[in-house]
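One structure below.
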Amino acid sequence: MNHAIKRVWVALTMLFVVCLGGLSYIQFFNAETLNDNALNKRQLFREFDLPRGAILVDGKPIAESVETDDGQFNYQRKYTDPELYAHLTGYYSLANGTTQLESKLNDWLTGTSSDLLYDRLAAMFTGKQAEGASVELTIDGKLQQAAYDAIPDKSMRATVIVSEPKTGKIRAMVSTPTYDTNELAVHSTTQAAKNAKKISEIDGLSQYVNPAIGNLVAPGSSFKILSTVAALESGKFDMTTPIKNPAKVNLPGTNAPLPNFVEGICSRRSEADLAFIFAQSCNTPFAEISQAVGPEGFADVTERFGFGQQLEIPQSVTPSVFPTNGVTADQLALMAIGQFDNKVTPLQMNMVAMAIANDGVIMKPNMVEKVIAPDLRVIEQPKPEKFSTATTPEVANDLKELMKGPVQSGTAMNAAVPGVDLRVKTGTAQIGKTGLVNSWITGFAPADDPQVAITVTIEQVDYNTGHNTAGAIMKNMVEAVFNK
C-alpha cells in the first residue's frame, strides 16, 4: 500500500470513528437532554400524534386528547371548564410548549414514565399504539366551582385555596384573572401566537404563572400567626403577658412611626394580652415582640413553616422569603407585621393555617390523587406525607384559641358562619404609597376537628374592597364546604 492510499485509508477510518462516536453520543448519552430541549420540536411533533393521557377531576377529564381531522395531527388537546382550571392544567401547545401540570405530569401523560415500561413493551409486540396514563387530581370539582363563583369580579387578582390539614390534599385552587387554555392549544401556530398576545394583554395575568404558588406578595397581618408562634416559643411571652399597646410607636432606632389601624379599636387598651392584640390585629405590640424574638428566632420559625424551601405539588412552588441576614431592628419590626421584604405565596399562608389546625404538623401539599394506566390499573397513588413539624401541639393549641377572636369580635366578623367554629387571621399589607393593599384571610374549620384550611388573597385593591371581599369569600367557601 503506497503512502497516499494509506493516508486516505487512515483519514476515512478516523472520519468513520468520529461519525460513529457522534451518533452514539446523540442517540444514547445525550438523547434525554436533546429531547428536553425547548428548541427541539421533533419530540413535540411525535407526541402530538399520540393519544395523550387525560387530567381528571371527579373522574371526568378537564384536559384530554380528542381525535381531529384538521389534517395536521391526529389528536387535539381539549380543555373542559378551562377558566376554572387554567392555572392548574396549564396548556399543551405546539407553538407555546407545555406549562403547569401538563408539563410536570408529561412523563405519565405521554406514557414515557418508567412506570409504564410494561405497557410500552406490550404495545411494541402487539402492534398497538402506546397510550399515556391519566392523572386524577385531588381537586373537588364542586369546591373548585364554588371558589371561582365566590370571586365577585373576575378581573380581581384573587386566589382561593382549600386544603385538608390532615392529609395535605388540595381540594380547590382558583385564581383570577384567568383564560381559556383551548386558545393556546390550537394546532395553528399563527392563531396560537395571536391568542397568546391577546392573553398577555390582560392586566394581572400571566399564562406562565399560577398565582397561588407563584406570586410573592406581602402577607400583612396574616403573618402575625407566625410572629405569635415566635413570641410564645421564645418563653418571653405567654397568653396572659401584658404587652404595651400604644396608638403609635417609633420603629426601633428610628423616628419613623408604626401606628395601629386607626379605624379599629386597638386604642381602647394601652396595654393588652395576646387575645385582644390578635383579635383586633394591633401593630405596635409586635415592635416589642420582634425585638424580644430577634432575627434568629424568626428565621427558625419561618423555616419550619416552609419559608425558603422548594416544594413540588407537583407544580413548582416559589419559595416564600423572610430575609434575616443584615436586617435592622426597624426592618424586623415591619416584617413581624407582614411588611417590608416579607413575601409569601398564598399556598404558604395556607400551609400556616394547616399547621395550626393539625397540632403543629404540616402535611405536604399535594394535587395528585392517583395515576391510572391505559388498562385502568392504578400505577401510583401518593400517600399523605409529613412536610415538617412547624411548632409544638401546645403552641398550636394557643394559636387555635387566639384565632377564635377575629371571628367572634375582631377583624373577621364578616366571615362568620352560624354553626361552624371557624378560626382565622386577617391581613392587610400596604403597597408603598399607592393607596392599595393586599388583603388576606387564612384559617380552618371546625376548630375541634379541622377538615379544611382555607386561604383567600386579593392583590392590589383598596382597603374596603379587599377587606370586605376577602371575608365574604371566606364565608362563601365555609358555607360551600359544610353545606350551610
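Chains: A, B, ... in order of the C-alpha cells. Residues: from 1 per chain. Ligands: from 1, in order shown.
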
Q) Got a sec: who's within 12 Å of Asp449 (chain A), counting only C-alpha atoms, leaving out chain neighbours fewer than 6 positions off, as number ranges by chain? A) A: 164-166, 356-359, 400, 420-423

Those residues you just picked out, can you put them in a file as an mmCIF file, in the first residue's frame with N, CA and C atoms?
data_model
loop_
_atom_site.group_PDB
_atom_site.id
_atom_site.type_symbol
_atom_site.label_atom_id
_atom_site.label_comp_id
_atom_site.auth_asym_id
_atom_site.auth_seq_id
_atom_site.Cartn_x
_atom_site.Cartn_y
_atom_site.Cartn_z
ATOM 1 N N GLU A 164 -56.819 20.008 52.885
ATOM 2 C CA GLU A 164 -57.104 19.163 54.047
ATOM 3 C C GLU A 164 -55.888 19.169 54.971
ATOM 4 N N PRO A 165 -56.001 19.723 56.174
ATOM 5 C CA PRO A 165 -54.838 19.792 57.074
ATOM 6 C C PRO A 165 -54.272 18.422 57.439
ATOM 7 N N LYS A 166 -55.112 17.388 57.515
ATOM 8 C CA LYS A 166 -54.647 16.076 57.971
ATOM 9 C C LYS A 166 -53.950 15.276 56.881
ATOM 10 N N ILE A 356 -51.401 25.019 62.175
ATOM 11 C CA ILE A 356 -52.113 25.299 63.425
ATOM 12 C C ILE A 356 -53.279 24.328 63.582
ATOM 13 N N ALA A 357 -53.967 24.038 62.501
ATOM 14 C CA ALA A 357 -55.103 23.115 62.543
ATOM 15 C C ALA A 357 -54.682 21.705 62.911
ATOM 16 N N ASN A 358 -53.467 21.308 62.499
ATOM 17 C CA ASN A 358 -53.010 19.925 62.637
ATOM 18 C C ASN A 358 -51.990 19.770 63.761
ATOM 19 N N ASP A 359 -52.212 20.511 64.854
ATOM 20 C CA ASP A 359 -51.365 20.385 66.056
ATOM 21 C C ASP A 359 -49.895 20.646 65.774
ATOM 22 N N LYS A 400 -54.804 28.252 68.063
ATOM 23 C CA LYS A 400 -56.208 27.923 67.780
ATOM 24 C C LYS A 400 -57.136 28.802 68.600
ATOM 25 N N VAL A 420 -70.669 26.877 62.467
ATOM 26 C CA VAL A 420 -69.321 26.415 62.122
ATOM 27 C C VAL A 420 -68.312 27.193 62.963
ATOM 28 N N ASP A 421 -67.482 26.472 63.705
ATOM 29 C CA ASP A 421 -66.455 27.096 64.540
ATOM 30 C C ASP A 421 -65.228 27.384 63.684
ATOM 31 N N LEU A 422 -65.221 28.567 63.081
ATOM 32 C CA LEU A 422 -64.163 28.993 62.167
ATOM 33 C C LEU A 422 -63.090 29.735 62.934
ATOM 34 N N ARG A 423 -61.831 29.434 62.648
ATOM 35 C CA ARG A 423 -60.699 30.127 63.267
ATOM 36 C C ARG A 423 -59.843 30.737 62.158
#

Q: Would you mind telling me which residue in A:Val424, A:Ala212, A:Val344, A:Ala447 lies nearest to Phe278 (chain A) when using only C-alpha atoms?
A: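 That would be A:Val424, the residue with the smallest distance to Phe278 (chain A).
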
Q.
With DSSP run on the backbone, what are the strand (DSSP E) residues within region 386-452 of chain A? I'd like them as a ChimeraX atom specification.
A. /A:386-389,423-430,437-445,452

**Q.** Per-residue DSSP, region 215-397 of chain A, filtered to helix (DSSP H, G or I), as a PyMOL selection string
**A.** chain A and resi 220-233+266-268+274-280+285-305+329-336+346-357+393-397

Q.
Ranking A:Gln76, A:Thr457, A:Gln315, A:Ser222 by minimum distance to Ala472 (chain A) and counting only C-alpha atoms, which one comes first?
A.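 Answer, going by the shortest atom-to-atom distance: A:Thr457.
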
(Q) Can you pull out the residues contacting Val371 (chain A)? Cut-off 12 Å, using only C-alpha atoms, and skip same-chain residues under 6 positions away; I want them as a list in words. (A)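 Here the qualifying residues turn out to be Gly53, Ala54, Ile55, Leu56, Gly59, Leu105, Asp107, Trp108, Leu109, Gly111, Ser113, Asp115, Leu116, Gly132, Ala133, Ser134, Val135, Glu136, Leu137, Thr138, Arg377, Val378, Ile379, Glu380, Gln381 and Pro382 of chain A.
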
Those residues with N, CA, C and O atoms, as a compact mmCIF listing (two decimals), in the first residue's frame please?
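Written out: result-v4.txt:
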# COMPACT_ATOMS: atom_id res chain seq x y z
N GLY A 53 -52.56 11.09 27.76
CA GLY A 53 -53.45 10.79 28.86
C GLY A 53 -54.24 12.01 29.32
O GLY A 53 -53.88 13.16 29.05
N ALA A 54 -55.32 11.76 30.04
CA ALA A 54 -56.19 12.83 30.50
C ALA A 54 -55.82 13.28 31.91
O ALA A 54 -55.24 12.52 32.69
N ILE A 55 -56.16 14.52 32.22
CA ILE A 55 -56.12 15.02 33.59
C ILE A 55 -57.56 15.04 34.08
O ILE A 55 -58.43 15.63 33.43
N LEU A 56 -57.80 14.39 35.22
CA LEU A 56 -59.17 14.15 35.67
C LEU A 56 -59.48 14.86 36.98
O LEU A 56 -58.62 15.00 37.86
N GLY A 59 -63.17 12.10 38.37
CA GLY A 59 -63.30 11.05 37.37
C GLY A 59 -63.61 11.53 35.98
O GLY A 59 -63.71 10.74 35.04
N LEU A 105 -46.54 16.66 34.62
CA LEU A 105 -47.05 15.29 34.52
C LEU A 105 -46.75 14.66 33.16
O LEU A 105 -47.28 13.61 32.83
N ASP A 107 -44.37 12.95 31.68
CA ASP A 107 -43.91 11.56 31.53
C ASP A 107 -45.06 10.57 31.68
O ASP A 107 -45.12 9.57 30.96
N TRP A 108 -45.96 10.83 32.59
CA TRP A 108 -47.13 9.96 32.74
C TRP A 108 -48.10 10.13 31.58
O TRP A 108 -48.58 9.16 30.99
N LEU A 109 -48.37 11.39 31.24
CA LEU A 109 -49.38 11.66 30.21
C LEU A 109 -48.96 11.15 28.84
O LEU A 109 -49.80 10.75 28.03
N GLY A 111 -46.87 8.56 28.48
CA GLY A 111 -46.57 7.14 28.58
C GLY A 111 -45.10 6.82 28.61
O GLY A 111 -44.72 5.66 28.47
N SER A 113 -43.06 7.40 31.19
CA SER A 113 -42.61 7.12 32.56
C SER A 113 -42.15 5.67 32.68
O SER A 113 -42.68 4.77 32.01
N ASP A 115 -42.85 3.81 34.99
CA ASP A 115 -43.99 3.04 35.50
C ASP A 115 -44.79 2.39 34.37
O ASP A 115 -45.57 1.47 34.61
N LEU A 116 -44.61 2.90 33.16
CA LEU A 116 -45.38 2.41 32.01
C LEU A 116 -44.52 1.61 31.03
O LEU A 116 -44.92 1.42 29.88
N GLY A 132 -50.79 7.16 26.85
CA GLY A 132 -50.34 7.72 28.10
C GLY A 132 -51.29 7.38 29.24
O GLY A 132 -52.42 6.94 29.02
N ALA A 133 -50.81 7.57 30.47
CA ALA A 133 -51.63 7.35 31.65
C ALA A 133 -52.48 8.60 31.92
O ALA A 133 -52.17 9.70 31.46
N SER A 134 -53.56 8.41 32.65
CA SER A 134 -54.38 9.52 33.10
C SER A 134 -54.06 9.83 34.56
O SER A 134 -53.68 8.94 35.32
N VAL A 135 -54.21 11.08 34.93
CA VAL A 135 -53.89 11.50 36.29
C VAL A 135 -55.12 12.13 36.93
O VAL A 135 -55.66 13.11 36.42
N GLU A 136 -55.57 11.51 38.02
CA GLU A 136 -56.71 12.03 38.79
C GLU A 136 -56.18 13.01 39.83
O GLU A 136 -55.26 12.69 40.60
N LEU A 137 -56.75 14.22 39.86
CA LEU A 137 -56.32 15.23 40.82
C LEU A 137 -57.10 15.12 42.12
O LEU A 137 -58.19 14.53 42.17
N THR A 138 -56.57 15.71 43.17
CA THR A 138 -57.25 15.74 44.47
C THR A 138 -58.35 16.79 44.51
O THR A 138 -59.10 16.87 45.48
N ARG A 377 -55.46 0.11 35.57
CA ARG A 377 -54.84 -0.23 36.85
C ARG A 377 -54.18 1.03 37.42
O ARG A 377 -53.70 1.90 36.69
N VAL A 378 -54.21 1.13 38.73
CA VAL A 378 -53.60 2.27 39.41
C VAL A 378 -52.11 2.01 39.55
O VAL A 378 -51.70 1.03 40.19
N ILE A 379 -51.29 2.85 38.95
CA ILE A 379 -49.84 2.63 38.98
C ILE A 379 -49.15 3.50 40.03
O ILE A 379 -48.00 3.24 40.38
N GLU A 380 -49.84 4.51 40.51
CA GLU A 380 -49.27 5.31 41.59
C GLU A 380 -50.40 6.01 42.33
O GLU A 380 -51.34 6.53 41.71
N GLN A 381 -50.31 6.03 43.64
CA GLN A 381 -51.31 6.70 44.48
C GLN A 381 -50.58 7.28 45.69
O GLN A 381 -50.35 6.60 46.68
N PRO A 382 -50.19 8.55 45.59
CA PRO A 382 -49.39 9.15 46.67
C PRO A 382 -50.09 9.08 48.03
O PRO A 382 -51.29 9.34 48.13

Q: Can you work out which one of A:Ala231, A:Ile199, A:Leu84, A:Val461 has the shortest atom-to-atom distance to Val293 (chain A), counting only C-alpha atoms?
A: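 Looking at the shortest contact to Val293 (chain A), the residue is A:Ala231.
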
Q: Could you give me, as a ChimeraX atom specification, the residues within 10 Å of Thr178 (chain A), counting only C-alpha atoms and dropping anything in the same chain fewer than 2 positions from it?
A: /A:82-87,154-157,174-176,180-181,199,202,204-207,210

For Glu385 (chain A), find every residue with an atom within 8 Å (counting only C-alpha atoms), except residues of its own chain fewer than 3 positions away, and show them as an mmCIF file with N, CA and C atoms, in the first residue's frame.
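Saved result, result.cif, follows:
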data_model
loop_
_atom_site.group_PDB
_atom_site.id
_atom_site.type_symbol
_atom_site.label_atom_id
_atom_site.label_comp_id
_atom_site.auth_asym_id
_atom_site.auth_seq_id
_atom_site.Cartn_x
_atom_site.Cartn_y
_atom_site.Cartn_z
ATOM 1 N N THR A 167 -54.169 15.635 55.608
ATOM 2 C CA THR A 167 -53.573 14.871 54.508
ATOM 3 C C THR A 167 -52.706 15.713 53.587
ATOM 4 N N GLY A 168 -52.922 17.018 53.555
ATOM 5 C CA GLY A 168 -52.209 17.889 52.615
ATOM 6 C C GLY A 168 -52.851 17.959 51.245
ATOM 7 N N MET A 363 -48.637 18.787 56.703
ATOM 8 C CA MET A 363 -48.583 17.704 55.736
ATOM 9 C C MET A 363 -48.253 18.297 54.365
ATOM 10 N N LYS A 364 -47.461 17.588 53.604
ATOM 11 C CA LYS A 364 -47.017 18.100 52.305
ATOM 12 C C LYS A 364 -48.209 18.333 51.377
#

(Q) Give me the residues near Gly410 (chain A) as a PyMOL selection string, where near means some atom within 9 Å (using only C-alpha atoms) and where sequence neighbours in that chain fewer than 6 positions away do not count. (A) chain A and resi 264-265+276+278-281

Q) From the list A:Asn215, A:Thr110, A:Gln430, A:Thr240, which residue is nearest Pro374 (chain A) when using only C-alpha atoms? A) A:Thr110

Q) Of the residues A:Ala390, A:Val301, A:Ile473, A:Ala445, which is the one nearest to Ala415 (chain A), using only C-alpha atoms? A)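 Nearest to Ala415 (chain A): A:Ile473.
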
**Q.** Residue nearest Ile289 (chain A) - candidates A:Thr426, A:Thr241, A:Thr465, A:Ser93, atoms counted: only C-alpha atoms
**A.** A:Thr241
